[in-house]
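Working notes, structure below.
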Amino acid sequence: MSYAAPFAGLKVVDLSQGIAGPYCAMMLAQQGANVIKVESIDGGGDWARGLGVRYGNHSVYSIVGNLGKRSVALNLKAPSGRDVLWRLLRDADVFLEGFRPGVIKRLGFDYETVAAREPRLLYVSISGFGQTGPLAERPATDPVLQAYTGMMAENRGEDGLPHRVPVIVVDMSTALYAFQAVSAALYARRDETHGRFIEVSLMQAAAALQSVRLIACHLEGGTMRPGAVPGGVFKTADGWMSIVAINDREWQALCGAMDLPQLATDERFATPSARSGNDVALYAIMRPAIAARPSAHWAERFTAARLMHERLNSYAEFLAQPQVQATDLIHWLNQPGLAQPVPMPIVPGATMPTDGTPGATAPVCGQHTDVVLREHGYSAEEISDLAAKGVVSGPRQI
């Protein structure tokens, strides 16, 4: 155990699919844990492997969600397959599952049953709407929870229409909240005799992520007033720029940078509340002024004035930024089945593994079945017999 691998020696059995549970387990792996990903022997394993464009045995979801894990392909419908899972769970520290409520119990691996055998296990259940309530058994993914929790309604464009946030913000935040819950529980377990059940849902994560706006809308009658005026995205002569001035100093500096010093003394815009109440008039002046000059012009002037701003970059432009390169933010990792390396952002706080090492590679479905089963006491003959009976499988392409 070290700062480079604080979870070294911990054993994690990851039965989750998609991205929320797998990304949580991936972060455990990046912090040094031994993460065994258990995938279905049918349908190509974790359904995220076939989500969107396929690259051999992978999609971008399965690459991001499974770096540093080892994959075992297992048929949990077969009694002998469930026996294998019980063997894998022996002396495990963390178990993650992401089935709809009730499914894991039918398989015989609900918390009460598992805890009876492995009392110190931390058991993590990740679901869409939670384990109880009228919507508990309803299937749910990121866009469903963006709609359900108000995120889409709040994310209205200038066209007035609600829009989905294109990045999978609910799934990713669910993974982050689950990771912090597991990390805290691992710390507390040092002084506990038993493990615990940890419930994390996409609904919980989406609500927590929107805490500020949720409370503000409740207190302000349904619509949150802008935190700062002026603030937003403005068209420039050759692109777009995000600009915000929070206080009077920044507002006065902005007026000077725009060569509109008269706005700083205009009574309509003299205070934050005045600017908020006269935002339409203010933007009617600002927008054509900003649109008259290119982004580089404004970047130079706003930087000199120490104003918060940034041009809108594409992903390709972001990857090429000097700041990104100077901070070693992106690691280019080769993955099985892909003809070129992929840009993987570092996991904040973790030591990024070197390209080509197990920690920097997402496994093919069933890639480690043989070695993991051997580690858990199965002989070569037993593994061959299980494979012949369709209980386990080695690496396969989808």
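Every chain in the structure tokens takes a letter, A first, then B, and so on in the order presented; its residues are numbered from 1, and the ligands are numbered from 1 following the presented order.
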
Which residues come within 8 Å of region 99-108 of chain A, counting only C-alpha atoms, excluding same-chain residues fewer than 3 positions away, as a ChimeraX atom specification?
/A:16,76-77,113,125-128,130-132,136-139

Dump of N, CA and C atoms for the selected residues, as a tab-separated table (two decimals), in the first residue's frame:
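So part_17.tsv came out as:
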chain	number	residue	atom	x	y	z
A	16	SER	N	-21.16	-5.19	-12.32
A	16	SER	CA	-21.95	-4.12	-12.92
A	16	SER	C	-21.69	-4.02	-14.42
A	76	LEU	N	-24.08	-17.15	-15.18
A	76	LEU	CA	-24.67	-17.16	-13.86
A	76	LEU	C	-26.03	-17.86	-13.82
A	77	LYS	N	-26.53	-18.25	-14.98
A	77	LYS	CA	-27.79	-19.00	-15.00
A	77	LYS	C	-27.56	-20.46	-14.61
A	113	THR	N	-27.82	-12.59	1.60
A	113	THR	CA	-27.23	-13.91	1.32
A	113	THR	C	-25.72	-13.82	1.24
A	125	SER	N	-24.84	-1.58	-4.55
A	125	SER	CA	-25.90	-1.74	-5.54
A	125	SER	C	-26.13	-0.42	-6.26
A	126	ILE	N	-25.98	-0.43	-7.58
A	126	ILE	CA	-26.20	0.76	-8.39
A	126	ILE	C	-27.40	0.54	-9.29
A	127	SER	N	-28.36	1.44	-9.21
A	127	SER	CA	-29.60	1.29	-9.98
A	127	SER	C	-30.01	2.63	-10.56
A	128	GLY	N	-31.10	2.62	-11.32
A	128	GLY	CA	-31.59	3.85	-11.92
A	128	GLY	C	-32.33	4.72	-10.94
A	130	GLY	N	-33.27	3.63	-7.66
A	130	GLY	CA	-33.16	3.20	-6.28
A	130	GLY	C	-33.75	1.81	-6.09
A	131	GLN	N	-33.59	1.26	-4.89
A	131	GLN	CA	-34.00	-0.11	-4.61
A	131	GLN	C	-35.47	-0.22	-4.20
A	132	THR	N	-36.10	0.89	-3.86
A	132	THR	CA	-37.50	0.87	-3.44
A	132	THR	C	-38.27	1.96	-4.18
A	136	ALA	N	-38.79	1.65	-8.94
A	136	ALA	CA	-37.56	0.92	-8.65
A	136	ALA	C	-37.19	-0.07	-9.75
A	137	GLU	N	-38.16	-0.78	-10.30
A	137	GLU	CA	-37.86	-1.83	-11.27
A	137	GLU	C	-37.85	-1.34	-12.71
A	138	ARG	N	-38.07	-0.05	-12.89
A	138	ARG	CA	-38.10	0.50	-14.23
A	138	ARG	C	-36.69	0.67	-14.77
A	139	PRO	N	-36.41	0.24	-16.01
A	139	PRO	CA	-35.07	0.44	-16.58
A	139	PRO	C	-34.79	1.92	-16.78

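Considering the residues A:Gly45, A:Pro363, A:Gly150, A:Pro166 and counting only C-alpha atoms, Ser393 (chain A) has its shortest atom-to-atom contact with A:Gly45.
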
Residues within 10 Å of Val60 (chain A), please, as a list in words. Count only C-alpha atoms; anything in the same chain fewer than 4 positions from it doesn't count.
Ala48, Arg49, Gly50, Leu51, Gly52, Val53, Arg54, Tyr55, Val64, Gly65 and Val342 of chain A

Hey, what's within 12 Å of Ala339 (chain A) if we count only C-alpha atoms and toss same-chain stuff fewer than 4 positions away? As a VMD selection string, please?
chain A and resid 55 to 56 333 to 335

Suppose you want the space between CA of Thr357 (chain A) and CA of Ala73 (chain A); what is it in Å?
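Computing it gives 21.5 Å between the two atoms.
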
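Non-sequential neighbours of Tyr187 (chain A) (distance at most 12 Å, separation of 5 or more positions within a chain, only C-alpha atoms) are A:Pro6, A:Phe7, A:Asp93, A:Leu122, A:Gln180, A:Ala181, A:Val182, A:Glu192, A:Gly195.
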
Residue neighbourhood region 263-266 of chain A, 9 Å, only C-alpha atoms, exclusion window fewer than 5 positions, as a list of chain:residue names:
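Near neighbours after the sequence-gap exclusion: A:Asp248, A:Trp251, A:Gln252, A:Ala253, A:Leu254, A:Cys255, A:Gly256, A:Leu282.
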
Excluding Leu329 (chain A) and any residue of its chain fewer than 6 positions from it, enumerate the residues within 9 Å of it, using only C-alpha atoms, and give them as number ranges by chain.
A: 323, 344-346

Give me the region 283-345 of chain A side of the contact with region 275-279 of chain A, cut-off 12 Å, one line per residue showing its nearest atom pair and distance in Å at one decimal, counting only C-alpha atoms, sorted by chain and residue number, as a Markdown table.
| residue | atom | partner | partner_atom | distance |
| --- | --- | --- | --- | --- |
| A:Tyr283 | CA | A:Asp279 | CA | 6.0 |
| A:Ala284 | CA | A:Asp279 | CA | 8.4 |
| A:Ile285 | CA | A:Asp279 | CA | 9.9 |
| A:Met286 | CA | A:Asp279 | CA | 10.1 |
| A:Arg287 | CA | A:Asp279 | CA | 11.5 |

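Going from CA of Gly366 (chain A) to CA of Arg396 (chain A) covers 6.8 Å.
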
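Shortest atom-to-atom contact with Thr303 (chain A) among A:Phe234, A:Asn66, A:Leu96, A:Ala257: A:Ala257, counting only C-alpha atoms.
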
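Considering the residues A:Arg189, A:Asp370, A:Ala281, A:Leu260 and counting only C-alpha atoms, Ser384 (chain A) has its shortest atom-to-atom contact with A:Asp370.
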
Could you list, with a cut-off of 10 Å and counting only C-alpha atoms, the residues of region 302-376 of chain A near region 30-42 of chain A, each shown with its nearest atom pair and the distance in Å rounded to one decimal, rows sorted by chain and ascending number, as JSON lines?
{"residue": "A:Ile346", "atom": "CA", "partner": "A:Gln30", "partner_atom": "CA", "distance": 9.7}
{"residue": "A:Val347", "atom": "CA", "partner": "A:Gln30", "partner_atom": "CA", "distance": 7.7}
{"residue": "A:Gly349", "atom": "CA", "partner": "A:Gln31", "partner_atom": "CA", "distance": 8.9}
{"residue": "A:Ala350", "atom": "CA", "partner": "A:Gln31", "partner_atom": "CA", "distance": 6.1}
{"residue": "A:Thr351", "atom": "CA", "partner": "A:Gln30", "partner_atom": "CA", "distance": 7.3}
{"residue": "A:Met352", "atom": "CA", "partner": "A:Gln30", "partner_atom": "CA", "distance": 7.4}
{"residue": "A:Pro353", "atom": "CA", "partner": "A:Gln30", "partner_atom": "CA", "distance": 7.9}
{"residue": "A:Gly359", "atom": "CA", "partner": "A:Gln30", "partner_atom": "CA", "distance": 6.8}
{"residue": "A:Ala360", "atom": "CA", "partner": "A:Gln30", "partner_atom": "CA", "distance": 8.7}
{"residue": "A:Pro363", "atom": "CA", "partner": "A:Lys37", "partner_atom": "CA", "distance": 9.0}
{"residue": "A:Cys365", "atom": "CA", "partner": "A:Glu39", "partner_atom": "CA", "distance": 7.0}
{"residue": "A:Gly366", "atom": "CA", "partner": "A:Glu39", "partner_atom": "CA", "distance": 7.4}
{"residue": "A:His368", "atom": "CA", "partner": "A:Ile36", "partner_atom": "CA", "distance": 8.8}
{"residue": "A:Thr369", "atom": "CA", "partner": "A:Val38", "partner_atom": "CA", "distance": 9.1}
{"residue": "A:Val372", "atom": "CA", "partner": "A:Ile36", "partner_atom": "CA", "distance": 8.1}

Using DSSP on the backbone coordinates, identify all residues within region 165-382 of chain A classified as strand (DSSP E); present the result as a PyMOL selection string.
chain A and resi 196-201+231-235+240-244+308-311+330-333+342-345

Among the residues of region 68-126 of chain A, find those DSSP assigns to alpha helix (DSSP H) from the backbone and print them as an mmCIF file with N, CA and C atoms, in the first residue's frame.
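Everything below was put into part23.cif:
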data_model
loop_
_atom_site.group_PDB
_atom_site.id
_atom_site.type_symbol
_atom_site.label_atom_id
_atom_site.label_comp_id
_atom_site.auth_asym_id
_atom_site.auth_seq_id
_atom_site.Cartn_x
_atom_site.Cartn_y
_atom_site.Cartn_z
ATOM 1 N N PRO A 79 -26.036 -23.399 -12.209
ATOM 2 C CA PRO A 79 -25.636 -23.563 -10.805
ATOM 3 C C PRO A 79 -24.122 -23.588 -10.631
ATOM 4 N N SER A 80 -23.417 -24.244 -11.542
ATOM 5 C CA SER A 80 -21.967 -24.301 -11.430
ATOM 6 C C SER A 80 -21.335 -22.937 -11.700
ATOM 7 N N GLY A 81 -22.019 -22.100 -12.503
ATOM 8 C CA GLY A 81 -21.544 -20.743 -12.725
ATOM 9 C C GLY A 81 -21.685 -19.906 -11.471
ATOM 10 N N ARG A 82 -22.777 -20.110 -10.763
ATOM 11 C CA ARG A 82 -22.955 -19.394 -9.495
ATOM 12 C C ARG A 82 -21.947 -19.875 -8.454
ATOM 13 N N ASP A 83 -21.592 -21.147 -8.527
ATOM 14 C CA ASP A 83 -20.552 -21.661 -7.630
ATOM 15 C C ASP A 83 -19.219 -20.949 -7.876
ATOM 16 N N VAL A 84 -18.935 -20.689 -9.150
ATOM 17 C CA VAL A 84 -17.706 -19.970 -9.486
ATOM 18 C C VAL A 84 -17.729 -18.571 -8.883
ATOM 19 N N LEU A 85 -18.866 -17.889 -8.998
ATOM 20 C CA LEU A 85 -18.957 -16.540 -8.436
ATOM 21 C C LEU A 85 -18.762 -16.559 -6.926
ATOM 22 N N TRP A 86 -19.326 -17.575 -6.269
ATOM 23 C CA TRP A 86 -19.109 -17.685 -4.828
ATOM 24 C C TRP A 86 -17.625 -17.845 -4.519
ATOM 25 N N ARG A 87 -16.923 -18.587 -5.351
ATOM 26 C CA ARG A 87 -15.490 -18.766 -5.141
ATOM 27 C C ARG A 87 -14.762 -17.422 -5.316
ATOM 28 N N LEU A 88 -15.176 -16.651 -6.310
ATOM 29 C CA LEU A 88 -14.553 -15.352 -6.545
ATOM 30 C C LEU A 88 -14.813 -14.391 -5.390
ATOM 31 N N LEU A 89 -15.984 -14.510 -4.772
ATOM 32 C CA LEU A 89 -16.356 -13.611 -3.682
ATOM 33 C C LEU A 89 -15.656 -13.952 -2.369
ATOM 34 N N VAL A 103 -33.449 -8.561 -9.418
ATOM 35 C CA VAL A 103 -32.776 -9.515 -10.290
ATOM 36 C C VAL A 103 -31.648 -10.228 -9.554
ATOM 37 N N ILE A 104 -30.848 -9.483 -8.825
ATOM 38 C CA ILE A 104 -29.713 -10.091 -8.131
ATOM 39 C C ILE A 104 -30.185 -11.071 -7.059
ATOM 40 N N LYS A 105 -31.329 -10.797 -6.465
ATOM 41 C CA LYS A 105 -31.874 -11.708 -5.450
ATOM 42 C C LYS A 105 -32.289 -13.022 -6.094
ATOM 43 N N ARG A 106 -32.862 -12.932 -7.304
ATOM 44 C CA ARG A 106 -33.259 -14.155 -8.002
ATOM 45 C C ARG A 106 -32.039 -14.998 -8.380
ATOM 46 N N LEU A 107 -30.919 -14.350 -8.574
ATOM 47 C CA LEU A 107 -29.693 -15.087 -8.862
ATOM 48 C C LEU A 107 -29.069 -15.676 -7.604
ATOM 49 N N TYR A 111 -27.793 -8.901 -0.873
ATOM 50 C CA TYR A 111 -26.884 -8.530 0.202
ATOM 51 C C TYR A 111 -26.970 -9.480 1.394
ATOM 52 N N GLU A 112 -28.172 -9.822 1.824
ATOM 53 C CA GLU A 112 -28.316 -10.675 2.998
ATOM 54 C C GLU A 112 -27.645 -12.028 2.787
ATOM 55 N N THR A 113 -27.819 -12.594 1.602
ATOM 56 C CA THR A 113 -27.229 -13.909 1.315
ATOM 57 C C THR A 113 -25.716 -13.825 1.237
ATOM 58 N N VAL A 114 -25.217 -12.804 0.562
ATOM 59 C CA VAL A 114 -23.768 -12.655 0.415
ATOM 60 C C VAL A 114 -23.113 -12.319 1.758
ATOM 61 N N ALA A 115 -23.745 -11.428 2.525
ATOM 62 C CA ALA A 115 -23.170 -11.011 3.807
ATOM 63 C C ALA A 115 -23.116 -12.167 4.803
ATOM 64 N N ALA A 116 -24.025 -13.127 4.656
ATOM 65 C CA ALA A 116 -23.999 -14.282 5.549
ATOM 66 C C ALA A 116 -22.720 -15.099 5.357
ATOM 67 N N ARG A 117 -22.215 -15.105 4.124
ATOM 68 C CA ARG A 117 -20.978 -15.837 3.838
ATOM 69 C C ARG A 117 -19.738 -14.970 3.987
#
